[in-house]
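Shown here: run_10.pdb, PDB, C-alpha atoms.
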MODEL        1
ATOM      1  CA  MET F1159      99.919  89.763 103.356
ATOM      2  CA  ILE F1160      98.141  93.081 102.788
ATOM      3  CA  ASP F1161     100.218  95.613 100.873
ATOM      4  CA  THR F1162      99.376  98.723 102.871
ATOM      5  CA  PRO F1163     100.184 102.127 101.402
ATOM      6  CA  LEU F1164     103.418 103.869 102.339
ATOM      7  CA  VAL F1165     102.358 107.125 103.984
ATOM      8  CA  GLU F1166     104.082 110.011 105.781
ATOM      9  CA  ARG F1167     107.456 108.990 104.346
ATOM     10  CA  GLU F1168     107.696 111.642 101.642
ATOM     11  CA  ARG F1169     110.815 113.256 103.136
ATOM     12  CA  GLN F1170     112.677 109.951 103.337
ATOM     13  CA  LEU F1171     111.672 108.928  99.824
ATOM     14  CA  ALA F1172     112.773 112.309  98.465
ATOM     15  CA  ALA F1173     116.156 111.954 100.165
ATOM     16  CA  PHE F1174     116.742 108.543  98.619
ATOM     17  CA  ASP F1175     115.579 109.775  95.222
ATOM     18  CA  ALA F1176     118.198 112.538  95.389
ATOM     19  CA  HIS F1177     120.911 110.068  96.411
ATOM     20  CA  LEU F1178     120.040 107.723  93.552
ATOM     21  CA  ARG F1179     120.212 110.570  91.038
ATOM     22  CA  ALA F1180     123.598 111.631  92.428
ATOM     23  CA  LEU F1181     125.130 108.204  91.785
ATOM     24  CA  ALA F1182     125.791 109.138  88.165
ATOM     25  CA  SER F1183     128.375 111.672  89.358
ATOM     26  CA  GLY F1184     129.988 109.242  91.793
ATOM     27  CA  ALA F1185     128.468 110.830  94.886
ATOM     28  CA  GLY F1186     128.189 107.744  97.064
ATOM     29  CA  ARG F1187     126.258 107.784 100.329
ATOM     30  CA  PHE F1188     125.737 105.572 103.360
ATOM     31  CA  VAL F1189     122.283 106.052 104.859
ATOM     32  CA  VAL F1190     120.696 104.376 107.875
ATOM     33  CA  VAL F1191     116.928 104.388 108.227
ATOM     34  CA  ASP F1192     116.185 104.068 111.929
ATOM     35  CA  GLY F1193     112.951 103.435 113.738
ATOM     36  CA  GLY F1194     111.399 101.131 116.279
ATOM     37  CA  PRO F1195     109.822  97.742 115.518
ATOM     38  CA  GLY F1196     107.051  98.106 112.950
ATOM     39  CA  ALA F1197     108.066 101.635 111.927
ATOM     40  CA  GLY F1198     108.314 100.609 108.275
ATOM     41  CA  LYS F1199     112.054 100.247 107.738
ATOM     42  CA  SER F1200     111.690  97.184 105.515
ATOM     43  CA  ARG F1201     108.922  98.832 103.488
ATOM     44  CA  LEU F1202     111.070 101.899 102.902
ATOM     45  CA  LEU F1203     114.041  99.785 101.799
ATOM     46  CA  ALA F1204     111.709  97.946  99.409
ATOM     47  CA  ALA F1205     110.706 101.326  97.981
ATOM     48  CA  VAL F1206     114.392 102.187  97.519
ATOM     49  CA  ARG F1207     114.878  98.903  95.664
ATOM     50  CA  ALA F1208     111.983  99.728  93.351
ATOM     51  CA  ALA F1209     113.312 103.247  92.748
ATOM     52  CA  ALA F1210     116.775 101.843  91.938
ATOM     53  CA  ASP F1211     115.490 100.216  88.764
ATOM     54  CA  GLY F1212     118.369 100.012  86.304
ATOM     55  CA  HIS F1213     121.056  99.897  89.004
ATOM     56  CA  ARG F1214     122.653  96.743  90.352
ATOM     57  CA  VAL F1215     121.027  96.003  93.714
ATOM     58  CA  LEU F1216     122.661  93.732  96.307
ATOM     59  CA  SER F1217     120.682  92.944  99.422
ATOM     60  CA  ALA F1218     121.000  91.214 102.775
ATOM     61  CA  ARG F1219     118.932  90.800 105.892
ATOM     62  CA  ALA F1220     120.612  90.251 109.239
ATOM     63  CA  SER F1221     119.165  87.758 111.682
ATOM     64  CA  ARG F1222     119.480  87.114 115.392
ATOM     65  CA  LEU F1223     119.988  83.430 114.584
ATOM     66  CA  GLU F1224     123.053  84.182 112.431
ATOM     67  CA  ARG F1225     124.821  86.796 114.549
ATOM     68  CA  THR F1226     127.535  84.317 115.546
ATOM     69  CA  TYR F1227     128.507  83.561 111.929
ATOM     70  CA  ALA F1228     131.315  85.832 110.774
ATOM     71  CA  PHE F1229     130.633  87.867 107.630
ATOM     72  CA  GLY F1230     127.107  86.448 107.310
ATOM     73  CA  VAL F1231     125.676  89.730 106.002
ATOM     74  CA  VAL F1232     128.685  90.296 103.730
ATOM     75  CA  ARG F1233     128.242  86.834 102.248
ATOM     76  CA  GLN F1234     124.576  87.538 101.508
ATOM     77  CA  LEU F1235     125.565  90.726  99.711
ATOM     78  CA  LEU F1236     128.571  89.586  97.718
ATOM     79  CA  GLU F1237     128.638  85.810  97.265
ATOM     80  CA  PRO F1238     125.882  85.770  94.608
ATOM     81  CA  VAL F1239     127.684  88.474  92.634
ATOM     82  CA  VAL F1240     130.970  86.576  92.556
ATOM     83  CA  ALA F1241     129.368  83.165  92.022
ATOM     84  CA  ARG F1242     127.375  84.300  88.964
ATOM     85  CA  ALA F1243     129.869  86.719  87.460
ATOM     86  CA  ALA F1244     131.196  86.048  83.977
ATOM     87  CA  ASP F1245     134.054  88.443  84.823
ATOM     88  CA  ARG F1246     135.000  86.866  88.166
ATOM     89  CA  GLU F1247     138.715  87.416  87.520
ATOM     90  CA  ARG F1248     138.169  91.151  87.092
ATOM     91  CA  LEU F1249     136.074  91.388  90.243
ATOM     92  CA  LEU F1250     138.741  89.661  92.330
ATOM     93  CA  ALA F1251     141.739  91.294  90.687
ATOM     94  CA  GLY F1252     144.477  93.100  92.643
ATOM     95  CA  PRO F1253     143.759  93.826  96.307
ATOM     96  CA  ALA F1254     140.208  92.473  95.877
ATOM     97  CA  ALA F1255     141.716  88.967  95.785
ATOM     98  CA  ALA F1256     141.813  89.011  99.591
ATOM     99  CA  ALA F1257     138.005  88.949  99.593
ATOM    100  CA  SER F1258     138.196  85.321  98.432
ATOM    101  CA  ALA F1259     139.007  84.288 101.991
ATOM    102  CA  VAL F1260     135.548  85.429 103.079
ATOM    103  CA  LEU F1261     133.618  84.269 100.032
ATOM    104  CA  GLY F1262     134.661  80.639 100.143
ATOM    105  CA  ALA F1263     137.432  80.502  97.543
ATOM    106  CA  PRO F1264     140.461  78.315  98.359
ATOM    107  CA  GLY F1265     143.558  79.831  99.860
ATOM    108  CA  GLU F1266     144.977  80.920 103.184
ATOM    109  CA  PRO F1267     142.943  83.706 104.827
ATOM    110  CA  PRO F1268     145.012  86.902 104.984
ATOM    111  CA  GLY F1269     145.089  89.280 107.927
ATOM    112  CA  ASP F1270     142.024  91.183 109.067
ATOM    113  CA  TYR F1271     142.915  94.472 107.368
ATOM    114  CA  ALA F1272     143.649  92.705 104.087
ATOM    115  CA  VAL F1273     140.205  91.071 104.188
ATOM    116  CA  LEU F1274     138.408  94.370 104.826
ATOM    117  CA  ASN F1275     140.434  96.099 102.121
ATOM    118  CA  GLY F1276     139.810  93.224  99.725
ATOM    119  CA  LEU F1277     136.072  93.378 100.303
ATOM    120  CA  PHE F1278     136.139  97.128  99.712
ATOM    121  CA  TRP F1279     137.953  96.682  96.402
ATOM    122  CA  LEU F1280     135.520  93.960  95.390
ATOM    123  CA  VAL F1281     132.663  96.430  95.933
ATOM    124  CA  ALA F1282     134.608  99.086  94.029
ATOM    125  CA  ASN F1283     135.137  96.653  91.137
ATOM    126  CA  VAL F1284     131.404  95.869  91.113
ATOM    127  CA  CYS F1285     130.746  99.609  90.754
ATOM    128  CA  GLU F1286     133.031  99.855  87.714
ATOM    129  CA  THR F1287     130.246  98.590  85.453
ATOM    130  CA  GLY F1288     127.642 101.027  86.786
ATOM    131  CA  PRO F1289     125.988 102.398  89.932
ATOM    132  CA  ALA F1290     125.200  99.902  92.662
ATOM    133  CA  VAL F1291     122.891  99.867  95.677
ATOM    134  CA  LEU F1292     123.585  97.819  98.812
ATOM    135  CA  LEU F1293     120.523  97.191 100.988
ATOM    136  CA  VAL F1294     120.951  95.818 104.516
ATOM    137  CA  ASP F1295     117.822  95.226 106.565
ATOM    138  CA  ASP F1296     117.849  94.687 110.361
ATOM    139  CA  LEU F1297     121.356  96.076 110.685
ATOM    140  CA  HIS F1298     121.046  95.955 114.486
ATOM    141  CA  TRP F1299     121.257  92.132 114.261
ATOM    142  CA  ALA F1300     124.286  92.016 111.959
ATOM    143  CA  ASP F1301     127.299  89.932 112.923
ATOM    144  CA  GLU F1302     130.348  91.771 114.224
ATOM    145  CA  ALA F1303     132.574  90.972 111.236
ATOM    146  CA  SER F1304     130.014  92.379 108.800
ATOM    147  CA  LEU F1305     129.582  95.482 110.953
ATOM    148  CA  ARG F1306     133.347  95.931 110.922
ATOM    149  CA  PHE F1307     133.344  95.830 107.130
ATOM    150  CA  LEU F1308     130.442  98.275 106.884
ATOM    151  CA  ALA F1309     132.236 100.621 109.289
ATOM    152  CA  TYR F1310     135.323 100.297 107.051
ATOM    153  CA  LEU F1311     133.282 100.946 103.911
ATOM    154  CA  LEU F1312     131.393 103.932 105.307
ATOM    155  CA  PRO F1313     134.082 106.640 104.924
ATOM    156  CA  ARG F1314     135.079 105.244 101.524
ATOM    157  CA  VAL F1315     131.773 105.435  99.637
ATOM    158  CA  ASP F1316     132.348 109.030  98.544
ATOM    159  CA  GLY F1317     133.675 108.918  95.006
ATOM    160  CA  LEU F1318     131.996 105.594  94.224
ATOM    161  CA  PRO F1319     128.655 105.301  92.404
ATOM    162  CA  LEU F1320     127.375 103.420  95.458
ATOM    163  CA  LEU F1321     124.399 103.889  97.744
ATOM    164  CA  VAL F1322     124.365 101.863 100.952
ATOM    165  CA  ALA F1323     120.934 101.899 102.599
ATOM    166  CA  ALA F1324     120.440 100.084 105.888
ATOM    167  CA  GLY F1325     117.510  99.715 108.247
ATOM    168  CA  SER F1326     118.192  99.632 111.975
ATOM    169  CA  ARG F1327     116.564 100.167 115.299
ATOM    170  CA  PRO F1328     117.972 103.297 116.984
ATOM    171  CA  GLU F1329     119.618 101.320 119.755
ATOM    172  CA  SER F1330     123.156 101.229 121.095
ATOM    173  CA  ASP F1331     125.309  98.138 121.406
ATOM    174  CA  GLY F1332     128.357 100.006 122.681
ATOM    175  CA  GLY F1333     130.384  98.712 119.740
ATOM    176  CA  LEU F1334     130.581  98.703 115.969
ATOM    177  CA  LEU F1335     126.880  99.343 115.457
ATOM    178  CA  ASP F1336     127.363 102.640 117.278
ATOM    179  CA  VAL F1337     130.215 103.519 114.917
ATOM    180  CA  VAL F1338     128.001 102.984 111.884
ATOM    181  CA  LEU F1339     124.999 104.792 113.374
ATOM    182  CA  THR F1340     127.179 107.732 114.409
ATOM    183  CA  GLU F1341     129.016 108.171 111.117
ATOM    184  CA  ALA F1342     126.246 107.418 108.610
ATOM    185  CA  GLU F1343     123.534 109.772 107.444
ATOM    186  CA  ARG F1344     120.461 109.075 109.582
ATOM    187  CA  LEU F1345     116.874 109.100 108.361
ATOM    188  CA  PRO F1346     114.566 108.628 111.364
ATOM    189  CA  LEU F1347     111.164 107.033 110.880
ATOM    190  CA  PRO F1348     108.812 108.603 113.432
ATOM    191  CA  PRO F1349     105.545 106.869 114.327
ATOM    192  CA  LEU F1350     102.615 107.599 112.046
ATOM    193  CA  THR F1351     100.263 110.350 113.129
ATOM    194  CA  PRO F1352      96.565 109.516 113.585
ATOM    195  CA  GLY F1353      96.068 111.009 110.126
ATOM    196  CA  GLY F1354      98.683 108.653 108.701
ATOM    197  CA  VAL F1355      97.085 105.688 110.442
ATOM    198  CA  ALA F1356      93.740 106.725 108.974
ATOM    199  CA  ALA F1357      95.307 106.766 105.491
ATOM    200  CA  VAL F1358      96.660 103.237 106.004
ATOM    201  CA  LEU F1359      93.286 102.008 107.228
ATOM    202  CA  ASP F1360      91.629 103.642 104.240
ATOM    203  CA  GLY F1361      94.038 101.804 101.933
ATOM    204  CA  VAL F1362      93.366  98.468 103.644
ATOM    205  CA  THR F1363      89.598  98.666 104.033
ATOM    206  CA  GLY F1364      88.642 101.065 101.270
ATOM    207  CA  GLN F1365      86.730 103.146 103.800
ATOM    208  CA  ARG F1366      87.909 106.259 105.620
ATOM    209  CA  PRO F1367      87.741 105.602 109.393
ATOM    210  CA  ASP F1368      86.376 108.161 111.793
ATOM    211  CA  ALA F1369      88.871 110.229 113.784
ATOM    212  CA  ALA F1370      88.263 108.446 117.114
ATOM    213  CA  PHE F1371      88.930 105.023 115.628
ATOM    214  CA  ALA F1372      92.094 106.272 113.871
ATOM    215  CA  ARG F1373      93.381 107.726 117.139
ATOM    216  CA  ALA F1374      92.653 104.466 118.970
ATOM    217  CA  CYS F1375      94.576 102.488 116.332
ATOM    218  CA  ALA F1376      97.494 104.928 116.496
ATOM    219  CA  GLU F1377      97.677 104.526 120.271
ATOM    220  CA  ALA F1378      97.384 100.721 120.086
ATOM    221  CA  THR F1379     100.223 100.446 117.579
TER     222      THR F1379
ENDMDL
END
Show this structure as structure tokens.
Amino acid sequence: MIDTPLVERERQLAAFDAHLRALASGAGRFVVVDGGPGAGKSRLLAAVRAAADGHRVLSARASRLERTYAFGVVRQLLEPVVARAADRERLLAGPAAAASAVLGAPGEPPGDYAVLNGLFWLVANVCETGPAVLLVDDLHWADEASLRFLAYLLPRVDGLPLLVAAGSRPESDGGLLDVVLTEAERLPLPPLTPGGVAAVLDGVTGQRPDAAFARACAEAT
């Protein structure tokens, strides 16, 4: 796979850079990068991961094939943390214990609110040891239970050293995805201009294309 340059995304990168710097003061944010197919959402999230060097990064990618599995995205984010943690008891202490029902630990599942609250406190406990970044790609394909948790988490990130960055198509599902897209900070990814397409082509081929060819590629894509 050709690693094409990331162009015409300076504003988005600057916004994430500011959010990452603000984590030290506990200024958490929930940001959704939205754009159509091929707009570069995954590439931008990869750039956020690289910029978050030194922070704990938890990531997940939603899939159309897994939309019927409850808490699939949440499990991708949090199961590895709990499974590998030397301080598992601390992570699941107090109200966070209810998260065990989702993450495969034995015990009777508590009520829905207790699960959401437990997952929130698990995330909060993760943040106790330093800033954390949650990356969720293809949010528009997330399962409903995970969307419900993210909608629950969204108004609670302020005060935590936590950045949630998600990539989504700007489409409506008439449900929980709309709640997240409405309440989160939005960073649109517009299509590249012909000049941006020319820069990508230059990076791929090592040769600056003429303006007509760049315009044709911009129209075709």
Between CA of Ala1176 in chain F and CA of Gln1234 in chain F lies a distance of 26.5 Å
In Å, with one decimal, what is the gap from CA of Ala1241 in chain F to CA of Asp1211 in chain F?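 The value is 22.2 Å.
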Selection result of the PyMOL selection byres ((chain F and resi 1218-1221) around 7) on this file, as a count of residues only: 15
Output check: residues returned by the PyMOL selection byres ((chain F and resi 1228) around 7), as a PyMOL selection string: chain F and resi 1226-1227+1229-1230+1301-1304
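Here CA of Ala1309 in chain F and CA of Glu1341 in chain F stand 8.4 Å from one another.
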Once the PyMOL selection byres ((chain F and resi 1368) around 12) is applied to the coordinates I shared, what remains selected? I want it as a PyMOL selection string. chain F and resi 1352-1353+1355-1357+1359-1360+1365-1367+1369-1375
Around range 1354-1371 of chain F, fit a box with edges along x, y and z, padding it by 5 Å on each side, then list its centre and edge lengths in Å to one decimal as JSON.
{"center_x": 92.5, "center_y": 104.3, "center_z": 109.2, "size_x": 22.3, "size_y": 21.8, "size_z": 25.8}
Hey, could you make a per-residue contact list for range 1160-1211 of chain F against range 1322-1338 of chain F with 7 Å as the cut-off, showing the nearest pair of atoms and its distance in Å to one decimal, counting all atoms listed in the file, sorted by chain and number, as a Markdown table?
| residue | atom | partner | partner_atom | distance |
| --- | --- | --- | --- | --- |
| F:Arg1187 | CA | F:Val1322 | CA | 6.2 |
| F:Phe1188 | CA | F:Val1322 | CA | 4.6 |
| F:Val1189 | CA | F:Ala1323 | CA | 4.9 |
| F:Val1190 | CA | F:Ala1324 | CA | 4.7 |
| F:Val1191 | CA | F:Gly1325 | CA | 4.7 |
| F:Asp1192 | CA | F:Ser1326 | CA | 4.9 |
| F:Gly1193 | CA | F:Arg1327 | CA | 5.1 |
| F:Gly1194 | CA | F:Arg1327 | CA | 5.3 |
| F:Lys1199 | CA | F:Gly1325 | CA | 5.5 |
| F:Ser1200 | CA | F:Gly1325 | CA | 6.9 |
Take the residues from that selection and write them out as a PDB file, in the frame of the given file, keeping C-alpha atoms.
ATOM      1  CA  ARG F1187     126.258 107.784 100.329  1.00  0.00           C
ATOM      2  CA  PHE F1188     125.737 105.572 103.360  1.00  0.00           C
ATOM      3  CA  VAL F1189     122.283 106.052 104.859  1.00  0.00           C
ATOM      4  CA  VAL F1190     120.696 104.376 107.875  1.00  0.00           C
ATOM      5  CA  VAL F1191     116.928 104.388 108.227  1.00  0.00           C
ATOM      6  CA  ASP F1192     116.185 104.068 111.929  1.00  0.00           C
ATOM      7  CA  GLY F1193     112.951 103.435 113.738  1.00  0.00           C
ATOM      8  CA  GLY F1194     111.399 101.131 116.279  1.00  0.00           C
ATOM      9  CA  LYS F1199     112.054 100.247 107.738  1.00  0.00           C
ATOM     10  CA  SER F1200     111.690  97.184 105.515  1.00  0.00           C
TER      11      SER F1200
END
So that I can check the surroundings of Arg1314 in chain F, please list as a PyMOL selection string every protein, DNA and RNA residue that reaches within 9 Å of it, counting only C-alpha atoms and ignoring chain neighbours fewer than 3 positions away. chain F and resi 1186+1278+1310-1311+1317-1318
Dump of C-alpha atoms for the selected residues, as a JSON list (two decimals), in the coordinates of the input:
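Writing done, so here's again.json:
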[["chain", "number", "residue", "atom", "x", "y", "z"],
["F", 1186, "GLY", "CA", 128.19, 107.74, 97.06],
["F", 1278, "PHE", "CA", 136.14, 97.13, 99.71],
["F", 1310, "TYR", "CA", 135.32, 100.30, 107.05],
["F", 1311, "LEU", "CA", 133.28, 100.95, 103.91],
["F", 1317, "GLY", "CA", 133.68, 108.92, 95.01],
["F", 1318, "LEU", "CA", 132.00, 105.59, 94.22]]
Between F:Ala1243, F:Ala1205, F:Leu1178, F:Ala1251, which residue has the minimum interatomic distance to Val1165 in chain F, considering all atoms listed in the file?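 Result for the nearest residue to Val1165 in chain F: F:Ala1205.
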Measuring atom to atom with all atoms listed in the file, identify which of F:Ala1290, F:Ala1208, F:Leu1181, F:Ala1257 is nearest to Asp1270 in chain F. F:Ala1257
So, with only C-alpha atoms as the atoms that count, which of F:His1213, F:Ala1185, F:Arg1169, F:Ala1197 lies closest to Leu1347 in chain F?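 Of the candidates, the smallest distance to Leu1347 in chain F is held by F:Ala1197.
The residue that comes closest to Pro1289 in chain F, out of F:Pro1253, F:Pro1313, F:Pro1319, F:Pro1195 and on the basis of only C-alpha atoms, is F:Pro1319.
In this comparison, which uses all atoms listed in the file, the residue of F:Leu1164, F:Ala1182, F:Leu1321, F:Leu1216 approaching Leu1202 in chain F most closely is F:Leu1164.
Distance check against Val1232 in chain F using all atoms listed in the file: of F:Leu1305, F:Ala1282, F:Ala1255, F:Val1206, the minimum falls on F:Leu1305.
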